[in-house]
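Peer 1: Below is a structure I'd like to ask you about.
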Amino acid sequence: MRFLPTAEQSDFARTLHGLLGASDVPAAVRAWGSGDHGPGRAVWSRLAGTGLFALAADEAYDGVGLLPVELALGFVELGRAGMPGPVVETAAAAVLLSALGAAGEEGPAKRFLPGLVAGEALATLTLPGGGPYVLDADAATYCFTVSAAGELRMAGGTGAGGAGAGGAGDLLRSTDPARRLSRPAAEGELLAAGPRVSAAAATALGWARLLTAAQCLGVGEALLASTVQYVKQRTQFGTPIGGFQAVKHRLADTLLALEFARPLVWAAALGLAPWEVAAAKLAAGEAAYAAAMTALQLHGAVGYTEELDLSLWLRKARPLRDAWGSPSVCRTAVLRERDG
């Protein structure tokens with residue numbers, strides 16, 4: 001059995017890595033946090049040109065089929081680059097709409113998926129079990145909500161593009177300024193309802209949790225790489241601090257946590273079993289948060305400064321750890337599977 005990406009999958013990940021590396025993502029993150037979505041949307045459009053969002057949509061709606069492994073590989077790169085915006089939510093919305101199309105509810109899929117796949121539209125959504133807040137409703141073209149009763153609604157009624165189309169209320173404070181949270185709108189246009197919506201929402205929740213785990217893995221890797229580079233340069237008592245045994249042990253523990261999380265993410269992408277996805281999210285989220293704590297400690301006081309790009313990743317680790325399934329929620333899902 002092969003546990004490594006294929007050559008084609010690795011090429012796709014390298015393509016995204018190169019594109020993001022040439023796109024000045026840190027500047028786009030800072031602009032996004034201040035309410036300027038232009039630079040982030042420009043990067044978004046280039047990502048869509050690689051076919052990234054097509055991996056979450058059925059071929060009948062301009063996608064290439066739902067390919068979770070390839071999409072997870074891509075989201076590792078998004079996490080590594082610190083990409084802002086509702087990338088997980090847009091992909092999860094595409095999965096939700098594709099599932100509804102497969103269940104015979106083609107209206108919403110035909111209406112919204114082509115724009116999401118092409119990168120012309122951004123989507124955000126809330127799902128039962130996915131958390132109480134809407135991410136980046138002020139930037140989203142479409143803001144979808146699935147209720148516990150199985151009703152799919154779009155806030156704002158028209159989804160007519162541009163900032164604020166989600167119809168959400170005032171923004172709430174977040175640890176990460178580039179994660180702009182708000183409460184979901186109480187009402188909106190009813191798009192579909194019934195058991196098929198609930199089933200599609202459960203599928204989309206699993207994908208959102210998986211892709212957030214992949215993002216966590218990328219964030220953790222970026223934090224570790226930055227820290228390793230820093231400890232080679234910073235000196236104390238005339239020698240680089242990276243040579244101190246205590247520092248080596250801390251970095252080794254961080255690396256081990258990330259490496260143990262990686263196969264769980266790939267296993268979850270292959271199987272998509274809810275408990276496997278929960279285990280991957282738990283491991284990757286905790287590893288990313290541990291990488292952030294290591295980075296903060298070993299950078300010393302400079303790690304607290306907003307001017308240092310490191311802060312952009314430090315601020316993502318905790319919110320991503322809790323997004324789409326907190327550690328306690330994920331542990332509960334794994335234990336329920338164990339206990340039958």
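In the structure tokens, the first chain shown is A, the next is B, and so on; residue numbers restart at 1 for each chain, and ligands run from 1 in the order shown.
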Give me the residues near Pro274 in chain A as a PyMOL selection string, where near means some atom within 10 Å (using only C-alpha atoms) and where sequence neighbours in that chain fewer than 4 positions away do not count.
Peer 2: chain A and resi 202-203+205-207+209-210+268+278-280+330+333-334+337
Peer 1: Would you write out those residues with C-alpha atoms, as an mmCIF file, in the first residue's frame?
Peer 2:
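Writing done, so here's again_18.cif:
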```
data_model
loop_
_atom_site.group_PDB
_atom_site.id
_atom_site.type_symbol
_atom_site.label_atom_id
_atom_site.label_comp_id
_atom_site.auth_asym_id
_atom_site.auth_seq_id
_atom_site.Cartn_x
_atom_site.Cartn_y
_atom_site.Cartn_z
ATOM 1 C CA ALA A 202 -23.062 16.305 7.639
ATOM 2 C CA THR A 203 -20.886 15.528 4.614
ATOM 3 C CA LEU A 205 -18.994 19.323 8.011
ATOM 4 C CA GLY A 206 -16.591 16.400 7.627
ATOM 5 C CA TRP A 207 -14.853 18.092 4.724
ATOM 6 C CA ARG A 209 -13.046 19.624 9.563
ATOM 7 C CA LEU A 210 -10.599 17.761 7.318
ATOM 8 C CA ALA A 268 -8.902 10.930 7.012
ATOM 9 C CA ALA A 278 -12.017 14.085 14.136
ATOM 10 C CA ALA A 279 -8.762 12.333 15.083
ATOM 11 C CA ALA A 280 -6.892 14.180 12.318
ATOM 12 C CA CYS A 330 -13.116 15.845 18.331
ATOM 13 C CA ALA A 333 -16.246 11.835 18.336
ATOM 14 C CA VAL A 334 -13.251 9.492 18.566
ATOM 15 C CA GLU A 337 -16.435 5.346 17.806
#
```
Peer 1: Just the helix (DSSP H, G or I) stuff from range 282-337 of chain A, please, per backbone DSSP, written as a ChimeraX atom specification.
Peer 2: /A:282-304,310-322,327-337
Peer 1: Quick one: distance from CA of Gln9 in chain A to CA of Glu70 in chain A in Å, one decimal?
Peer 2: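 Computed distance, CA of Gln9 in chain A to CA of Glu70 in chain A, equals 6.2 Å.
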Peer 1: Kindly indicate which residue among A:Glu120, A:Asp11, A:Asp170, A:Glu59 lies nearest to Arg183 in chain A, using only C-alpha atoms for the distances.
Peer 2: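 Using only C-alpha atoms, the shortest distance to Arg183 in chain A belongs to A:Asp170.
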Peer 1: What's around range 22-32 of chain A at 6 Å? Count only C-alpha atoms, leave out sequence neighbours fewer than 5 positions away in its own chain, and write the answer as a ChimeraX atom specification.
Peer 2: /A:37,39-40,84,178
Peer 1: Based on the selection just made, write N, CA, C and O atoms of those residues as a CSV table (one decimal), in the first residue's frame.
Peer 2:
```csv
chain,number,residue,atom,x,y,z
A,37,HIS,N,-10.2,43.7,1.2
A,37,HIS,CA,-10.2,42.4,0.6
A,37,HIS,C,-9.5,42.3,-0.8
A,37,HIS,O,-9.4,41.2,-1.3
A,39,PRO,N,-6.3,42.7,-2.1
A,39,PRO,CA,-5.2,41.8,-2.3
A,39,PRO,C,-5.5,40.3,-2.1
A,39,PRO,O,-5.0,39.5,-2.8
A,40,GLY,N,-6.3,40.0,-1.1
A,40,GLY,CA,-6.6,38.6,-0.8
A,40,GLY,C,-7.5,38.0,-1.9
A,40,GLY,O,-7.3,36.9,-2.3
A,84,PRO,N,-5.5,34.2,3.9
A,84,PRO,CA,-6.7,34.7,4.6
A,84,PRO,C,-8.0,34.3,3.8
A,84,PRO,O,-7.9,33.9,2.6
A,178,ALA,N,-7.4,38.6,10.9
A,178,ALA,CA,-7.8,38.2,9.6
A,178,ALA,C,-9.0,37.2,9.5
A,178,ALA,O,-9.5,36.9,8.5
```
Peer 1: Name the closest residue to Ala137 in chain A among the candidates A:Ala257, A:Met293, A:Leu181, A:Ala56; distances are taken between atoms, counting only C-alpha atoms.
Peer 2: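 Looking only at the distances to Ala137 in chain A, the closest residue turns out to be A:Leu181.
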Peer 1: Which neighbours of Ala102 in chain A fall inside 10 Å, counting only C-alpha atoms, when residues of the same chain fewer than 3 positions from it are skipped, and could you give them as a list in words?
Peer 2: Asp58, Ala60, Leu97, Ser98, Ala99, Glu105, Glu106, Ala109, Arg196 and Ala200 of chain A
Peer 1: Selection from above, all heavy atoms, as a PDB file, in the first residue's frame, can you write it?
Peer 2:
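Once written, again_20.pdb looks like this:
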```pdb
ATOM      1  N   ASP A  58     -18.703  18.717  -8.052  1.00  0.00           N
ATOM      2  CA  ASP A  58     -18.992  17.645  -8.998  1.00  0.00           C
ATOM      3  C   ASP A  58     -18.755  18.112 -10.430  1.00  0.00           C
ATOM      4  O   ASP A  58     -18.874  19.296 -10.752  1.00  0.00           O
ATOM      5  CB  ASP A  58     -20.447  17.203  -8.828  1.00  0.00           C
ATOM      6  CG  ASP A  58     -20.740  15.907  -9.547  1.00  0.00           C
ATOM      7  OD1 ASP A  58     -20.521  14.840  -8.946  1.00  0.00           O
ATOM      8  OD2 ASP A  58     -21.188  15.977 -10.705  1.00  0.00           O
ATOM      9  N   ALA A  60     -20.528  17.798 -12.944  1.00  0.00           N
ATOM     10  CA  ALA A  60     -21.725  18.350 -13.574  1.00  0.00           C
ATOM     11  C   ALA A  60     -21.852  19.855 -13.372  1.00  0.00           C
ATOM     12  O   ALA A  60     -22.630  20.511 -14.073  1.00  0.00           O
ATOM     13  CB  ALA A  60     -22.971  17.656 -13.027  1.00  0.00           C
ATOM     14  N   LEU A  97     -23.300  21.833  -1.797  1.00  0.00           N
ATOM     15  CA  LEU A  97     -24.129  22.034  -2.986  1.00  0.00           C
ATOM     16  C   LEU A  97     -24.010  20.856  -3.942  1.00  0.00           C
ATOM     17  O   LEU A  97     -25.003  20.451  -4.569  1.00  0.00           O
ATOM     18  CB  LEU A  97     -23.727  23.332  -3.678  1.00  0.00           C
ATOM     19  CG  LEU A  97     -23.995  24.611  -2.866  1.00  0.00           C
ATOM     20  CD1 LEU A  97     -23.320  25.805  -3.520  1.00  0.00           C
ATOM     21  CD2 LEU A  97     -25.482  24.857  -2.720  1.00  0.00           C
ATOM     22  N   SER A  98     -22.811  20.294  -4.079  1.00  0.00           N
ATOM     23  CA  SER A  98     -22.629  19.125  -4.941  1.00  0.00           C
ATOM     24  C   SER A  98     -23.438  17.941  -4.423  1.00  0.00           C
ATOM     25  O   SER A  98     -24.046  17.202  -5.201  1.00  0.00           O
ATOM     26  CB  SER A  98     -21.145  18.748  -5.024  1.00  0.00           C
ATOM     27  OG  SER A  98     -20.401  19.738  -5.696  1.00  0.00           O
ATOM     28  N   ALA A  99     -23.438  17.767  -3.094  1.00  0.00           N
ATOM     29  CA  ALA A  99     -24.208  16.670  -2.510  1.00  0.00           C
ATOM     30  C   ALA A  99     -25.698  16.859  -2.744  1.00  0.00           C
ATOM     31  O   ALA A  99     -26.430  15.897  -3.007  1.00  0.00           O
ATOM     32  CB  ALA A  99     -23.912  16.568  -1.015  1.00  0.00           C
ATOM     33  N   GLU A 105     -31.541  17.871  -5.884  1.00  0.00           N
ATOM     34  CA  GLU A 105     -31.842  19.286  -5.681  1.00  0.00           C
ATOM     35  C   GLU A 105     -30.826  20.106  -6.472  1.00  0.00           C
ATOM     36  O   GLU A 105     -29.862  20.640  -5.941  1.00  0.00           O
ATOM     37  CB  GLU A 105     -31.769  19.626  -4.194  1.00  0.00           C
ATOM     38  CG  GLU A 105     -32.261  21.024  -3.852  1.00  0.00           C
ATOM     39  CD  GLU A 105     -33.749  21.178  -4.024  1.00  0.00           C
ATOM     40  OE1 GLU A 105     -34.499  20.289  -3.598  1.00  0.00           O
ATOM     41  OE2 GLU A 105     -34.156  22.196  -4.600  1.00  0.00           O
ATOM     42  N   GLU A 106     -31.018  20.196  -7.792  1.00  0.00           N
ATOM     43  CA  GLU A 106     -30.002  20.786  -8.658  1.00  0.00           C
ATOM     44  C   GLU A 106     -30.036  22.307  -8.666  1.00  0.00           C
ATOM     45  O   GLU A 106     -29.069  22.940  -9.072  1.00  0.00           O
ATOM     46  CB  GLU A 106     -30.168  20.267 -10.091  1.00  0.00           C
ATOM     47  CG  GLU A 106     -29.836  18.785 -10.236  1.00  0.00           C
ATOM     48  CD  GLU A 106     -29.678  18.384 -11.688  1.00  0.00           C
ATOM     49  OE1 GLU A 106     -29.948  19.224 -12.555  1.00  0.00           O
ATOM     50  OE2 GLU A 106     -29.285  17.236 -11.932  1.00  0.00           O
ATOM     51  N   ALA A 109     -27.186  24.030  -6.691  1.00  0.00           N
ATOM     52  CA  ALA A 109     -25.890  23.641  -7.257  1.00  0.00           C
ATOM     53  C   ALA A 109     -25.631  24.367  -8.570  1.00  0.00           C
ATOM     54  O   ALA A 109     -24.551  24.934  -8.787  1.00  0.00           O
ATOM     55  CB  ALA A 109     -25.842  22.126  -7.456  1.00  0.00           C
ATOM     56  N   ARG A 196     -32.376  15.413   2.979  1.00  0.00           N
ATOM     57  CA  ARG A 196     -31.217  15.458   2.075  1.00  0.00           C
ATOM     58  C   ARG A 196     -30.303  16.637   2.403  1.00  0.00           C
ATOM     59  O   ARG A 196     -29.085  16.567   2.218  1.00  0.00           O
ATOM     60  CB  ARG A 196     -31.689  15.546   0.628  1.00  0.00           C
ATOM     61  CG  ARG A 196     -32.456  16.804   0.277  1.00  0.00           C
ATOM     62  CD  ARG A 196     -33.049  16.707  -1.126  1.00  0.00           C
ATOM     63  NE  ARG A 196     -33.715  17.924  -1.550  1.00  0.00           N
ATOM     64  CZ  ARG A 196     -34.931  18.281  -1.172  1.00  0.00           C
ATOM     65  NH1 ARG A 196     -35.612  17.519  -0.328  1.00  0.00           N
ATOM     66  NH2 ARG A 196     -35.467  19.397  -1.619  1.00  0.00           N
ATOM     67  N   ALA A 200     -26.433  16.248   3.481  1.00  0.00           N
ATOM     68  CA  ALA A 200     -25.395  17.008   2.777  1.00  0.00           C
ATOM     69  C   ALA A 200     -24.593  17.869   3.741  1.00  0.00           C
ATOM     70  O   ALA A 200     -23.376  18.034   3.590  1.00  0.00           O
ATOM     71  CB  ALA A 200     -26.038  17.873   1.694  1.00  0.00           C
TER      72      ALA A 200
END
```
Peer 1: Lys281 in chain A: which residues within 9 Å, counting only C-alpha atoms, same-chain residues fewer than 6 positions away excluded, as a PyMOL selection string?
Peer 2: chain A and resi 209-214+216+261+264-265+321+324-327+330
Peer 1: Looking only at strand (DSSP E) from DSSP on the backbone, list the matching residues of range 138-240 of chain A as JSON, numbers by chain.
Peer 2: {"A": [142, 143, 144, 145, 146, 151, 152, 153, 154, 171, 172, 181, 182, 189, 190, 191, 192, 193, 235, 236, 239, 240]}
